[in-house]
>>> print(open('start.cif').read())   # mmCIF, C-alpha atoms
data_query
loop_
_atom_site.label_atom_id
_atom_site.label_comp_id
_atom_site.auth_asym_id
_atom_site.auth_seq_id
_atom_site.Cartn_x
_atom_site.Cartn_y
_atom_site.Cartn_z
CA MET F 1191 106.03 -4.85 132.09
CA PRO F 1192 106.24 -4.08 135.82
CA ASP F 1193 109.70 -3.88 137.34
CA VAL F 1194 110.94 -5.94 140.27
CA THR F 1195 109.94 -3.35 142.89
CA THR F 1196 106.32 -3.19 141.75
CA ALA F 1197 105.91 -6.94 141.18
CA PRO F 1198 104.78 -7.64 144.78
CA VAL F 1199 102.12 -4.94 144.46
CA PHE F 1200 100.72 -6.48 141.27
CA LYS F 1201 100.79 -9.89 142.93
CA LEU F 1202 98.87 -8.56 145.95
CA VAL F 1203 96.23 -6.91 143.78
CA ARG F 1204 95.78 -10.11 141.78
CA ARG F 1205 95.37 -12.18 144.94
CA THR F 1206 92.76 -9.84 146.39
CA ARG F 1207 90.63 -10.53 143.31
CA GLU F 1208 90.77 -14.29 143.81
CA PRO F 1209 87.69 -15.86 145.49
CA VAL F 1210 89.55 -17.21 148.53
CA ALA F 1211 91.31 -13.93 149.26
CA ALA F 1212 88.15 -11.91 148.69
CA GLN F 1213 86.14 -14.16 150.99
CA THR F 1214 88.78 -13.87 153.74
CA LEU F 1215 88.69 -10.07 153.60
CA ARG F 1216 84.89 -9.97 153.52
CA SER F 1217 84.50 -12.32 156.50
CA THR F 1218 87.02 -10.36 158.56
CA ALA F 1219 85.40 -7.02 157.79
CA ALA F 1220 81.91 -8.31 158.54
CA ALA F 1221 83.00 -9.73 161.91
CA VAL F 1222 84.66 -6.46 162.95
CA ILE F 1223 81.65 -4.37 161.90
CA ALA F 1224 79.29 -6.68 163.79
CA TYR F 1225 81.42 -6.33 166.93
CA VAL F 1226 81.41 -2.53 166.69
CA VAL F 1227 77.65 -2.43 166.18
CA ALA F 1228 77.10 -4.78 169.14
CA LEU F 1229 79.26 -2.54 171.35
CA MET F 1230 77.15 0.46 170.34
CA VAL F 1231 73.85 -1.30 170.98
CA LEU F 1232 74.96 -3.14 174.14
CA PRO F 1233 77.60 -0.89 175.72
CA ALA F 1234 77.22 -2.39 179.20
CA GLN F 1235 77.90 -5.95 178.04
CA PRO F 1236 81.47 -7.27 178.33
CA ALA F 1237 82.85 -8.23 174.90
CA PRO F 1238 79.74 -9.20 172.89
CA LEU F 1239 81.62 -11.81 170.86
CA THR F 1240 78.49 -13.64 169.77
CA ALA F 1241 77.81 -10.90 167.19
CA PRO F 1242 81.14 -11.20 165.32
CA LEU F 1243 80.98 -15.00 165.62
CA THR F 1244 77.56 -15.03 164.01
CA ALA F 1245 78.65 -12.62 161.28
CA LEU F 1246 81.69 -14.77 160.58
CA LEU F 1247 79.52 -17.87 160.19
CA VAL F 1248 76.76 -16.13 158.26
CA VAL F 1249 78.99 -14.45 155.66
CA GLN F 1250 79.50 -17.59 153.64
CA VAL F 1251 81.00 -17.88 150.17
CA THR F 1252 77.64 -17.32 148.42
CA LEU F 1253 74.64 -15.08 148.98
CA TYR F 1254 72.29 -18.08 148.91
CA ALA F 1255 74.31 -19.81 151.64
CA THR F 1256 74.36 -16.58 153.62
CA LEU F 1257 70.57 -16.36 153.65
CA THR F 1258 70.03 -20.00 154.59
CA THR F 1259 72.85 -20.03 157.16
CA GLY F 1260 71.66 -16.84 158.82
CA VAL F 1261 68.12 -18.13 159.26
CA ARG F 1262 69.29 -21.47 160.66
CA ARG F 1263 71.73 -19.85 163.06
CA VAL F 1264 69.17 -17.40 164.47
CA ASN F 1265 66.70 -20.25 164.89
CA SER F 1266 69.28 -22.34 166.72
CA VAL F 1267 70.12 -19.55 169.16
CA VAL F 1268 66.47 -18.74 169.87
CA ALA F 1269 65.65 -22.42 170.38
CA GLY F 1270 68.58 -22.85 172.79
CA VAL F 1271 67.59 -19.77 174.77
CA VAL F 1272 63.98 -20.95 175.07
CA VAL F 1273 65.14 -24.36 176.35
CA ALA F 1274 67.47 -22.69 178.89
CA ILE F 1275 64.74 -20.34 180.16
CA GLY F 1276 62.40 -23.27 180.68
CA PHE F 1277 64.91 -25.36 182.64
CA SER F 1278 66.18 -22.41 184.71
CA ALA F 1279 62.63 -21.56 185.80
CA LEU F 1280 62.01 -25.16 186.87
CA VAL F 1281 65.23 -26.59 188.35
CA GLY F 1282 68.20 -24.21 188.03
CA LEU F 1283 71.74 -25.35 187.31
CA THR F 1284 72.85 -28.78 188.59
CA TRP F 1285 74.81 -31.59 186.98
CA TRP F 1286 71.66 -33.51 186.10
CA SER F 1287 69.77 -30.43 184.93
CA LEU F 1288 72.73 -29.57 182.70
CA GLY F 1289 72.54 -33.04 181.16
CA LEU F 1290 68.79 -32.74 180.64
CA THR F 1291 69.25 -29.29 179.11
CA ILE F 1292 71.83 -30.53 176.61
CA PHE F 1293 69.71 -33.58 175.77
CA ALA F 1294 66.57 -31.52 175.28
CA ALA F 1295 68.43 -28.83 173.31
CA LEU F 1296 69.85 -31.38 170.87
CA ILE F 1297 66.42 -32.91 170.33
CA VAL F 1298 64.88 -29.47 169.78
CA GLY F 1299 67.70 -28.63 167.34
CA HIS F 1300 66.73 -31.60 165.16
CA LEU F 1301 63.05 -30.73 165.40
CA VAL F 1302 63.53 -27.13 164.24
CA ARG F 1303 65.80 -28.33 161.41
CA VAL F 1304 68.82 -26.13 161.90
CA SER F 1305 71.10 -28.66 160.16
CA GLU F 1306 74.75 -28.07 161.09
CA PHE F 1307 73.78 -25.70 163.92
CA VAL F 1308 72.24 -28.39 166.13
CA PRO F 1309 75.21 -28.14 168.58
CA GLU F 1310 74.62 -24.35 168.66
CA VAL F 1311 71.23 -24.97 170.29
CA ALA F 1312 72.90 -26.82 173.17
CA ILE F 1313 75.71 -24.24 173.40
CA SER F 1314 73.24 -21.36 173.66
CA ALA F 1315 71.23 -23.21 176.29
CA MET F 1316 74.32 -23.91 178.41
CA LEU F 1317 75.62 -20.34 178.21
CA VAL F 1318 72.28 -18.87 179.24
CA LEU F 1319 71.67 -21.50 181.94
CA GLY F 1320 75.02 -20.72 183.57
CA VAL F 1321 74.30 -17.06 184.35
CA THR F 1322 72.40 -15.67 187.30
CA GLN F 1323 70.10 -13.28 185.43
CA VAL F 1324 68.68 -15.65 182.85
CA GLY F 1325 66.22 -13.26 181.27
CA SER F 1326 68.82 -10.53 180.67
CA ALA F 1327 71.42 -12.99 179.36
CA ALA F 1328 68.88 -14.64 177.05
CA TRP F 1329 67.82 -11.32 175.56
CA HIS F 1330 71.41 -10.15 175.05
CA ARG F 1331 72.42 -13.42 173.35
CA ILE F 1332 69.48 -13.24 170.97
CA LEU F 1333 70.19 -9.58 170.24
CA GLU F 1334 73.88 -10.24 169.58
CA THR F 1335 72.96 -13.08 167.22
CA LEU F 1336 70.49 -10.89 165.35
CA ILE F 1337 73.10 -8.14 165.04
CA GLY F 1338 75.69 -10.56 163.65
CA ALA F 1339 73.23 -12.16 161.24
CA GLY F 1340 71.93 -8.77 160.10
CA VAL F 1341 75.41 -7.38 159.49
CA GLY F 1342 76.42 -10.49 157.60
CA LEU F 1343 73.32 -10.38 155.41
CA LEU F 1344 73.62 -6.65 154.67
CA PHE F 1345 77.31 -7.11 153.96
CA ASN F 1346 76.57 -9.66 151.27
CA LEU F 1347 73.70 -7.63 149.85
CA LEU F 1348 75.79 -4.45 149.54
CA LEU F 1349 79.02 -6.21 148.57
CA ALA F 1350 77.98 -9.21 146.55
CA PRO F 1351 80.12 -12.29 147.18
CA PRO F 1352 82.45 -13.56 144.47
CA VAL F 1353 81.22 -15.87 141.76
CA TRP F 1354 82.99 -19.23 141.88
CA VAL F 1355 82.39 -20.16 138.25
CA GLN F 1356 86.01 -19.73 137.18
CA PRO F 1357 87.42 -22.22 139.74
CA ALA F 1358 84.68 -24.68 138.79
CA GLY F 1359 85.51 -24.24 135.11
CA ALA F 1360 89.19 -24.81 135.82
CA SER F 1361 88.36 -28.03 137.67
CA ILE F 1362 86.18 -29.22 134.78
CA GLU F 1363 88.97 -28.51 132.31
CA GLY F 1364 91.39 -30.33 134.61
CA LEU F 1365 89.14 -33.40 134.57
CA ALA F 1366 88.91 -33.25 130.77
CA SER F 1367 92.70 -32.94 130.53
CA GLY F 1368 93.06 -36.05 132.68
CA ILE F 1369 90.71 -38.01 130.42
CA GLY F 1370 92.56 -36.72 127.36
CA ARG F 1371 95.95 -37.76 128.76
CA MET F 1372 94.63 -41.24 129.46
CA LEU F 1373 93.24 -41.63 125.96
CA ARG F 1374 96.51 -40.54 124.37
CA ALA F 1375 98.52 -42.82 126.65
CA MET F 1376 96.32 -45.80 125.75
CA GLY F 1377 96.75 -45.05 122.06
CA GLU F 1378 100.53 -44.85 122.49
CA ASP F 1379 100.51 -48.18 124.33
CA ILE F 1380 98.64 -49.92 121.52
CA ALA F 1381 100.79 -48.47 118.73
CA GLY F 1382 104.15 -48.24 120.47
CA LEU F 1383 104.30 -51.36 122.59
CA GLY F 1384 102.66 -53.68 120.14
CA HIS F 1385 102.43 -56.48 122.69
CA VAL F 1386 100.83 -54.91 125.76
CA PRO F 1387 101.63 -56.80 129.00
CA VAL F 1388 98.66 -57.64 131.16
CA ALA F 1389 100.17 -55.81 134.14
CA HIS F 1390 100.57 -52.65 132.06
CA ALA F 1391 96.98 -52.80 130.82
CA ALA F 1392 95.75 -53.42 134.38
CA ALA F 1393 97.69 -50.36 135.57
CA ARG F 1394 95.85 -48.27 132.98
CA LEU F 1395 92.58 -49.71 134.27
CA HIS F 1396 93.42 -48.67 137.85
CA GLU F 1397 94.35 -45.22 136.57
CA ALA F 1398 90.95 -44.92 134.90
CA ARG F 1399 89.23 -45.93 138.12
CA ARG F 1400 91.02 -43.16 139.99
CA LEU F 1401 89.16 -40.64 137.82
CA ASP F 1402 86.20 -41.19 140.16
CA HIS F 1403 88.03 -39.24 142.87
CA ALA F 1404 88.61 -36.36 140.47
CA ILE F 1405 84.91 -36.34 139.56
CA VAL F 1406 83.96 -36.04 143.24
CA GLU F 1407 86.26 -33.03 143.66
CA VAL F 1408 84.93 -31.38 140.51
CA ASP F 1409 81.36 -31.98 141.66
CA ALA F 1410 82.09 -30.25 144.98
CA SER F 1411 83.63 -27.27 143.17
CA LEU F 1412 80.65 -27.11 140.82
CA ARG F 1413 78.17 -27.17 143.71
CA GLN F 1414 79.91 -24.15 145.18
CA ALA F 1415 79.76 -22.38 141.82
CA GLU F 1416 76.05 -23.19 141.47
CA GLU F 1417 75.32 -21.69 144.88
CA SER F 1418 77.34 -18.57 144.05
CA LEU F 1419 75.11 -17.99 141.01
CA ARG F 1420 71.85 -18.23 142.95
CA LEU F 1421 70.37 -14.88 144.11
CA ASN F 1422 73.59 -13.10 143.13
CA PRO F 1423 72.90 -9.56 141.82
CA ARG F 1424 76.16 -9.61 139.88
CA VAL F 1425 75.01 -12.51 137.70
CA ARG F 1426 72.68 -12.53 134.73
CA ASP F 1427 71.25 -15.80 133.39
CA GLY F 1428 72.55 -17.68 136.42
CA LEU F 1429 70.21 -20.60 135.80
CA LEU F 1430 71.54 -21.10 132.27
CA ALA F 1431 75.15 -21.00 133.49
CA ARG F 1432 74.38 -23.56 136.20
CA ILE F 1433 72.69 -25.90 133.74
CA VAL F 1434 75.50 -25.60 131.18
CA LEU F 1435 78.14 -26.51 133.76
CA ARG F 1436 76.10 -29.28 135.39
CA THR F 1437 75.11 -31.01 132.15
CA GLY F 1438 78.69 -30.65 130.92
CA LEU F 1439 80.03 -32.38 134.02
CA ASP F 1440 77.43 -35.14 133.58
CA THR F 1441 78.72 -35.72 130.07
CA LEU F 1442 82.35 -35.86 131.21
CA GLU F 1443 81.38 -38.25 133.99
CA ILE F 1444 79.79 -40.58 131.43
CA CYS F 1445 82.94 -40.35 129.31
CA ALA F 1446 85.05 -41.26 132.36
CA VAL F 1447 82.86 -44.31 133.01
CA VAL F 1448 83.09 -45.41 129.39
CA LEU F 1449 86.85 -44.87 129.49
CA ARG F 1450 87.05 -47.22 132.47
CA VAL F 1451 85.06 -49.83 130.52
CA LEU F 1452 87.33 -49.28 127.51
CA SER F 1453 90.36 -49.93 129.72
CA ARG F 1454 88.69 -53.10 130.96
CA THR F 1455 88.18 -54.26 127.37
CA LEU F 1456 91.84 -53.66 126.47
CA THR F 1457 92.93 -55.47 129.65
CA ASP F 1458 90.79 -58.49 128.75
CA LEU F 1459 92.22 -58.43 125.23
CA ALA F 1460 95.76 -58.34 126.66
CA LYS F 1461 94.98 -61.41 128.79
CA HIS F 1462 94.02 -63.39 125.70
CA ARG F 1463 97.00 -62.22 123.61
CA THR F 1464 99.94 -62.61 125.93
CA GLU F 1465 102.53 -63.28 123.23
CA GLU F 1466 101.31 -61.28 120.27
CA ARG F 1467 100.18 -57.83 119.34
CA LEU F 1468 96.97 -56.52 120.85
CA VAL F 1469 95.70 -55.65 117.35
CA PRO F 1470 97.32 -55.77 113.91
CA ALA F 1471 99.93 -53.10 113.22
CA ASP F 1472 97.76 -51.14 110.76
CA VAL F 1473 94.86 -51.13 113.20
CA ALA F 1474 97.16 -50.04 116.04
CA VAL F 1475 98.26 -46.95 114.13
CA LEU F 1476 94.66 -45.99 113.40
CA LEU F 1477 93.63 -46.61 117.01
CA GLN F 1478 96.34 -44.23 118.21
CA GLU F 1479 95.02 -41.60 115.81
CA LEU F 1480 91.45 -42.30 116.89
CA PHE F 1481 92.27 -41.98 120.59
CA GLY F 1482 94.04 -38.72 119.83
CA HIS F 1483 90.91 -37.31 118.16
CA MET F 1484 88.79 -38.46 121.10
CA ALA F 1485 91.15 -36.75 123.55
CA ARG F 1486 90.97 -33.54 121.53
CA ALA F 1487 87.18 -33.78 121.46
CA VAL F 1488 86.95 -34.19 125.25
CA GLU F 1489 89.22 -31.21 125.86
CA SER F 1490 87.36 -29.06 123.31
CA PHE F 1491 84.06 -30.00 124.93
CA ALA F 1492 85.34 -28.82 128.33
CA ARG F 1493 86.51 -25.51 126.87
CA LEU F 1494 83.14 -25.08 125.18
CA ILE F 1495 81.08 -25.44 128.36
CA THR F 1496 83.42 -23.25 130.43
CA THR F 1497 83.84 -20.42 127.91
CA GLN F 1498 81.92 -17.23 128.67
CA VAL F 1499 82.82 -15.14 125.59
CA SER F 1500 80.73 -15.97 122.55
CA ALA F 1501 83.63 -15.71 120.07
CA ASN F 1502 85.71 -18.18 122.08
CA ALA F 1503 82.67 -20.44 122.43
CA GLU F 1504 82.24 -20.55 118.66
CA GLU F 1505 85.89 -21.41 118.22
CA ALA F 1506 85.66 -24.18 120.82
CA GLU F 1507 82.54 -25.56 119.14
CA GLU F 1508 84.29 -25.60 115.78
CA ARG F 1509 87.22 -27.51 117.26
CA LEU F 1510 84.86 -29.97 118.90
CA THR F 1511 82.92 -30.53 115.69
CA GLU F 1512 86.16 -31.03 113.75
CA ALA F 1513 87.56 -33.48 116.31
CA LEU F 1514 84.33 -35.50 116.33
CA ALA F 1515 84.21 -35.63 112.54
CA ASP F 1516 87.85 -36.78 112.34
CA GLY F 1517 87.23 -39.33 115.08
CA ARG F 1518 84.20 -40.83 113.36
CA ALA F 1519 86.05 -41.07 110.04
CA VAL F 1520 88.98 -42.92 111.63
CA ARG F 1521 86.57 -45.09 113.63
CA ASP F 1522 84.95 -46.33 110.41
CA ARG F 1523 88.36 -47.26 108.99
CA VAL F 1524 89.21 -49.10 112.20
CA ALA F 1525 85.90 -50.99 112.03
CA ASP F 1526 86.61 -52.13 108.45
CA LEU F 1527 90.09 -53.39 109.33
CA LEU F 1528 88.88 -55.15 112.48
CA LEU F 1529 86.14 -56.83 110.46
CA GLU F 1530 88.72 -58.21 108.05
CA ASP F 1531 90.88 -59.38 110.96
CA VAL F 1532 87.92 -61.10 112.63
CA GLN F 1533 87.04 -62.92 109.42
CA GLU F 1534 90.58 -64.29 109.20
CA HIS F 1535 91.14 -64.83 112.95
CA PRO F 1536 87.76 -64.97 114.73
CA ARG F 1537 89.26 -64.94 118.23
CA GLN F 1538 87.85 -62.55 120.79
CA TRP F 1539 85.62 -60.95 118.20
CA GLN F 1540 83.30 -59.81 120.97
CA LEU F 1541 86.10 -57.67 122.46
CA HIS F 1542 86.59 -55.95 119.12
CA GLY F 1543 82.88 -55.15 119.04
CA ALA F 1544 82.98 -53.89 122.60
CA LEU F 1545 85.94 -51.65 121.74
CA LEU F 1546 84.07 -50.06 118.86
CA SER F 1547 80.84 -49.63 120.83
CA GLU F 1548 82.71 -47.86 123.65
CA VAL F 1549 84.36 -45.52 121.18
CA ASP F 1550 80.94 -44.80 119.66
CA ARG F 1551 79.52 -44.03 123.10
CA ILE F 1552 82.17 -41.41 123.85
CA LEU F 1553 81.81 -39.76 120.45
CA ASP F 1554 78.02 -39.77 120.80
CA GLU F 1555 78.08 -38.22 124.29
CA LEU F 1556 80.25 -35.35 123.07
CA ASP F 1557 78.05 -34.62 120.05
CA VAL F 1558 77.09 -30.95 119.72
CA ASP F 1559 73.49 -31.66 118.74
CA LYS F 1560 73.03 -34.01 121.68
CA ARG F 1561 74.43 -31.35 124.02
CA THR F 1562 71.90 -28.81 122.71
CA GLU F 1563 69.09 -31.33 123.14
CA ARG F 1564 70.18 -32.10 126.70
CA LEU F 1565 70.33 -28.39 127.57
CA THR F 1566 66.83 -27.83 126.19
CA GLN F 1567 65.42 -30.77 128.12
CA GLU F 1568 67.04 -29.61 131.35
CA LEU F 1569 65.74 -26.05 130.92
CA ASP F 1570 62.24 -27.37 130.28
CA ARG F 1571 62.47 -29.62 133.34
CA ARG F 1572 63.59 -26.75 135.58
CA ALA F 1573 60.80 -24.53 134.23
CA ALA F 1574 58.24 -27.27 134.91
CA GLU F 1575 59.55 -27.64 138.48
CA VAL F 1576 59.23 -23.90 139.10
CA ASN F 1577 55.70 -23.84 137.67
CA GLU F 1578 54.72 -26.78 139.85
CA ARG F 1579 56.28 -25.34 143.00
CA TYR F 1580 55.10 -21.75 142.49
CA PRO F 1581 51.92 -21.94 140.36
CA ARG F 1582 50.73 -18.42 141.23
CA LEU F 1583 54.06 -16.86 140.35
CA ALA F 1584 54.12 -18.78 137.06
CA ALA F 1585 50.59 -17.64 136.25
CA LEU F 1586 51.51 -14.02 137.00
CA ALA F 1587 54.63 -14.24 134.80
CA ALA F 1588 52.58 -15.73 131.95
CA ARG F 1589 49.99 -12.98 132.34
CA LEU F 1590 52.68 -10.29 132.21
CA ARG F 1591 54.23 -11.84 129.12
CA GLY F 1592 50.84 -12.02 127.50
CA SER F 1593 49.99 -8.40 128.24
CA GLY F 1594 53.29 -7.17 126.85
CA SER F 1595 53.01 -8.89 123.51
CA GLU F 1596 50.68 -8.41 120.59
CA PRO F 1597 48.09 -11.11 119.92
CA PRO F 1598 49.17 -13.50 117.18
CA ARG F 1599 47.80 -12.84 113.73
CA PRO F 1600 45.89 -15.60 111.98
CA GLY F 1601 48.10 -17.90 109.97
CA VAL F 1602 51.28 -16.87 111.79
CA GLU F 1603 52.94 -19.44 114.00
CA THR F 1604 53.78 -18.38 117.55
#
>>> encode(input="start.cif", output="structure tokens")
Amino acid sequence: MPDVTTAPVFKLVRRTREPVAAQTLRSTAAAVIAYVVALMVLPAQPAPLTAPLTALLVVQVTLYATLTTGVRRVNSVVAGVVVAIGFSALVGLTWWSLGLTIFAALIVGHLVRVSEFVPEVAISAMLVLGVTQVGSAAWHRILETLIGAGVGLLFNLLLAPPVWVQPAGASIEGLASGIGRMLRAMGEDIAGLGHVPVAHAAARLHEARRLDHAIVEVDASLRQAEESLRLNPRVRDGLLARIVLRTGLDTLEICAVVLRVLSRTLTDLAKHRTEERLVPADVAVLLQELFGHMARAVESFARLITTQVSANAEEAEERLTEALADGRAVRDRVADLLLEDVQEHPRQWQLHGALLSEVDRILDELDVDKRTERLTQELDRRAAEVNERYPRLAALAARLRGSGSEPPRPGVET
């Protein structure tokens, strides 16, 4: 245990290992190095700030984003310089030529597809157009941009950017925890309140709808994690990790949608039974237990798809399998009791059926075998896309695999 005097040091070390802190330090270092290199290459130029600015923009949170951003930024600067050289040779700098330059630079920016750097095309054109020695200024701006982009790219190649899988996993587990809390709360409402007021059921429905906002945030975090896995030398089996997280989020999103429909069903049932229990007392107790098993299954599923260590993954899969088995057993008991209740009181029987079908959908989506099948299908789909996009590379890989393996013996399946 560290004492009080060393606690700040441990806290600082821990923060420097976090993705946000690491990215801040990397961006700062890359910008400073780019500025020093630009001063060495262009000593006569006053403050070559374009180089550190480019490095700062190029050193993104992932290596894949660094490559794509660097190419787009260099293209935008070159395009802007070309536009400025053309206008300066023809008309020089006036108010109307400035307007034409900006207009033309923005159009060229869209044509060369530099995405978010379209304004950079116009900025480069204006800066070059405003100097007296256009040719010298154009060359220096291009050179500074190339220095900044090169430093940023080399910086990420030598010091690989952080992998953002852990924050994405935490956000996925947070979404699963939110779904689990809602399921448990709905079960407590049915068993504890007995008669559920319509306003209370409607409030649960609005709470379920707000899960859409959480899904959007998780999706953004997962996209960042997927980019951090692409072309990252620190990562092995990056494609598999991306597919596991993406298909897992798809499953949780389906569960959130079904949960919203389930809340709608309970709200409709509360509207029809304004002065009596939502379901019989014995069914209410079983429904609370069933919702508890479903909540445990959702949370175990999230831990399973975000666990990196095989031993922990096996434990999470065992918990998921156990929760699903318990949930299905209780669901069958609930179905039998609801059937008896419908035979005696056939009111709103369709809502009882809808309730059971929604429970079945959640349990089915979380099934371990279905998850394995979905992963296999997604891997096959990605492999087919790669083969279709790069047929020569796929043929070469198949030829290398074939040359490195022994020919199959007759009667032996391959």
>>> atom_distance(input="start.cif", atom1="atom CA of Phe1307 of chain F", atom2="atom CA of Arg1263 of chain F")
6.3 Å
>>> resolve_selection(input="start.cif", expression="the PyMOL selection byres ((chain F and resi 1441) around 12)", output="JSON list (two decimals) with C-alpha atoms, in the coordinates of the input")
[["chain", "number", "residue", "atom", "x", "y", "z"],
["F", 1362, "ILE", "CA", 86.18, -29.22, 134.78],
["F", 1365, "LEU", "CA", 89.14, -33.40, 134.57],
["F", 1366, "ALA", "CA", 88.91, -33.25, 130.77],
["F", 1405, "ILE", "CA", 84.91, -36.34, 139.56],
["F", 1434, "VAL", "CA", 75.50, -25.60, 131.18],
["F", 1435, "LEU", "CA", 78.14, -26.51, 133.76],
["F", 1436, "ARG", "CA", 76.10, -29.28, 135.39],
["F", 1437, "THR", "CA", 75.11, -31.01, 132.15],
["F", 1438, "GLY", "CA", 78.69, -30.65, 130.92],
["F", 1439, "LEU", "CA", 80.03, -32.38, 134.02],
["F", 1440, "ASP", "CA", 77.43, -35.14, 133.58],
["F", 1442, "LEU", "CA", 82.35, -35.86, 131.21],
["F", 1443, "GLU", "CA", 81.38, -38.25, 133.99],
["F", 1444, "ILE", "CA", 79.79, -40.58, 131.43],
["F", 1445, "CYS", "CA", 82.94, -40.35, 129.31],
["F", 1446, "ALA", "CA", 85.05, -41.26, 132.36],
["F", 1447, "VAL", "CA", 82.86, -44.31, 133.01],
["F", 1448, "VAL", "CA", 83.09, -45.41, 129.39],
["F", 1488, "VAL", "CA", 86.95, -34.19, 125.25],
["F", 1491, "PHE", "CA", 84.06, -30.00, 124.93],
["F", 1492, "ALA", "CA", 85.34, -28.82, 128.33],
["F", 1495, "ILE", "CA", 81.08, -25.44, 128.36],
["F", 1551, "ARG", "CA", 79.52, -44.03, 123.10],
["F", 1552, "ILE", "CA", 82.17, -41.41, 123.85],
["F", 1553, "LEU", "CA", 81.81, -39.76, 120.45],
["F", 1554, "ASP", "CA", 78.02, -39.77, 120.80],
["F", 1555, "GLU", "CA", 78.08, -38.22, 124.29],
["F", 1556, "LEU", "CA", 80.25, -35.35, 123.07],
["F", 1557, "ASP", "CA", 78.05, -34.62, 120.05],
["F", 1558, "VAL", "CA", 77.09, -30.95, 119.72],
["F", 1560, "LYS", "CA", 73.03, -34.01, 121.68],
["F", 1561, "ARG", "CA", 74.43, -31.35, 124.02],
["F", 1564, "ARG", "CA", 70.18, -32.10, 126.70],
["F", 1565, "LEU", "CA", 70.33, -28.39, 127.57]]
>>> residues_around(input="start.cif", residues="Leu1229 of chain F", least_positions_apart="5", cutoff="12 Å", atoms="only C-alpha atoms", output="ChimeraX atom specification")
/F:1222-1224,1234-1242,1330,1333-1334,1337-1338
>>> resolve_selection(input="start.cif", expression="the PyMOL selection byres ((chain F and resi 1522) around 12)", output="PDB file with C-alpha atoms, in the coordinates of the input")
ATOM      1  CA  VAL F1473      94.860 -51.130 113.200  1.00  0.00           C
ATOM      2  CA  LEU F1476      94.660 -45.990 113.400  1.00  0.00           C
ATOM      3  CA  LEU F1477      93.630 -46.610 117.010  1.00  0.00           C
ATOM      4  CA  LEU F1480      91.450 -42.300 116.890  1.00  0.00           C
ATOM      5  CA  ALA F1515      84.210 -35.630 112.540  1.00  0.00           C
ATOM      6  CA  ASP F1516      87.850 -36.780 112.340  1.00  0.00           C
ATOM      7  CA  GLY F1517      87.230 -39.330 115.080  1.00  0.00           C
ATOM      8  CA  ARG F1518      84.200 -40.830 113.360  1.00  0.00           C
ATOM      9  CA  ALA F1519      86.050 -41.070 110.040  1.00  0.00           C
ATOM     10  CA  VAL F1520      88.980 -42.920 111.630  1.00  0.00           C
ATOM     11  CA  ARG F1521      86.570 -45.090 113.630  1.00  0.00           C
ATOM     12  CA  ARG F1523      88.360 -47.260 108.990  1.00  0.00           C
ATOM     13  CA  VAL F1524      89.210 -49.100 112.200  1.00  0.00           C
ATOM     14  CA  ALA F1525      85.900 -50.990 112.030  1.00  0.00           C
ATOM     15  CA  ASP F1526      86.610 -52.130 108.450  1.00  0.00           C
ATOM     16  CA  LEU F1527      90.090 -53.390 109.330  1.00  0.00           C
ATOM     17  CA  LEU F1528      88.880 -55.150 112.480  1.00  0.00           C
ATOM     18  CA  LEU F1529      86.140 -56.830 110.460  1.00  0.00           C
ATOM     19  CA  LEU F1546      84.070 -50.060 118.860  1.00  0.00           C
ATOM     20  CA  SER F1547      80.840 -49.630 120.830  1.00  0.00           C
ATOM     21  CA  VAL F1549      84.360 -45.520 121.180  1.00  0.00           C
ATOM     22  CA  ASP F1550      80.940 -44.800 119.660  1.00  0.00           C
TER      23      ASP F1550
END
>>> atom_distance(input="start.cif", atom1="atom CA of Leu1283 of chain F", atom2="atom CA of Ala1295 of chain F")
14.8 Å
>>> resolve_selection(input="start.cif", expression="the PyMOL selection byres ((chain F and resi 1310-1316) around 10)", output="ChimeraX atom specification")
/F:1263-1278,1283,1288-1289,1291-1300,1304,1306-1309,1317-1321,1328,1331-1332
>>> write_last_selection(input="start.cif", atoms="C-alpha atoms", output="compact mmCIF listing (two decimals), in the coordinates of the input")
# COMPACT_ATOMS: atom_id res chain seq x y z
CA ARG F 1263 71.73 -19.85 163.06
CA VAL F 1264 69.17 -17.40 164.47
CA ASN F 1265 66.70 -20.25 164.89
CA SER F 1266 69.28 -22.34 166.72
CA VAL F 1267 70.12 -19.55 169.16
CA VAL F 1268 66.47 -18.74 169.87
CA ALA F 1269 65.65 -22.42 170.38
CA GLY F 1270 68.58 -22.85 172.79
CA VAL F 1271 67.59 -19.77 174.77
CA VAL F 1272 63.98 -20.95 175.07
CA VAL F 1273 65.14 -24.36 176.35
CA ALA F 1274 67.47 -22.69 178.89
CA ILE F 1275 64.74 -20.34 180.16
CA GLY F 1276 62.40 -23.27 180.68
CA PHE F 1277 64.91 -25.36 182.64
CA SER F 1278 66.18 -22.41 184.71
CA LEU F 1283 71.74 -25.35 187.31
CA LEU F 1288 72.73 -29.57 182.70
CA GLY F 1289 72.54 -33.04 181.16
CA THR F 1291 69.25 -29.29 179.11
CA ILE F 1292 71.83 -30.53 176.61
CA PHE F 1293 69.71 -33.58 175.77
CA ALA F 1294 66.57 -31.52 175.28
CA ALA F 1295 68.43 -28.83 173.31
CA LEU F 1296 69.85 -31.38 170.87
CA ILE F 1297 66.42 -32.91 170.33
CA VAL F 1298 64.88 -29.47 169.78
CA GLY F 1299 67.70 -28.63 167.34
CA HIS F 1300 66.73 -31.60 165.16
CA VAL F 1304 68.82 -26.13 161.90
CA GLU F 1306 74.75 -28.07 161.09
CA PHE F 1307 73.78 -25.70 163.92
CA VAL F 1308 72.24 -28.39 166.13
CA PRO F 1309 75.21 -28.14 168.58
CA LEU F 1317 75.62 -20.34 178.21
CA VAL F 1318 72.28 -18.87 179.24
CA LEU F 1319 71.67 -21.50 181.94
CA GLY F 1320 75.02 -20.72 183.57
CA VAL F 1321 74.30 -17.06 184.35
CA ALA F 1328 68.88 -14.64 177.05
CA ARG F 1331 72.42 -13.42 173.35
CA ILE F 1332 69.48 -13.24 170.97
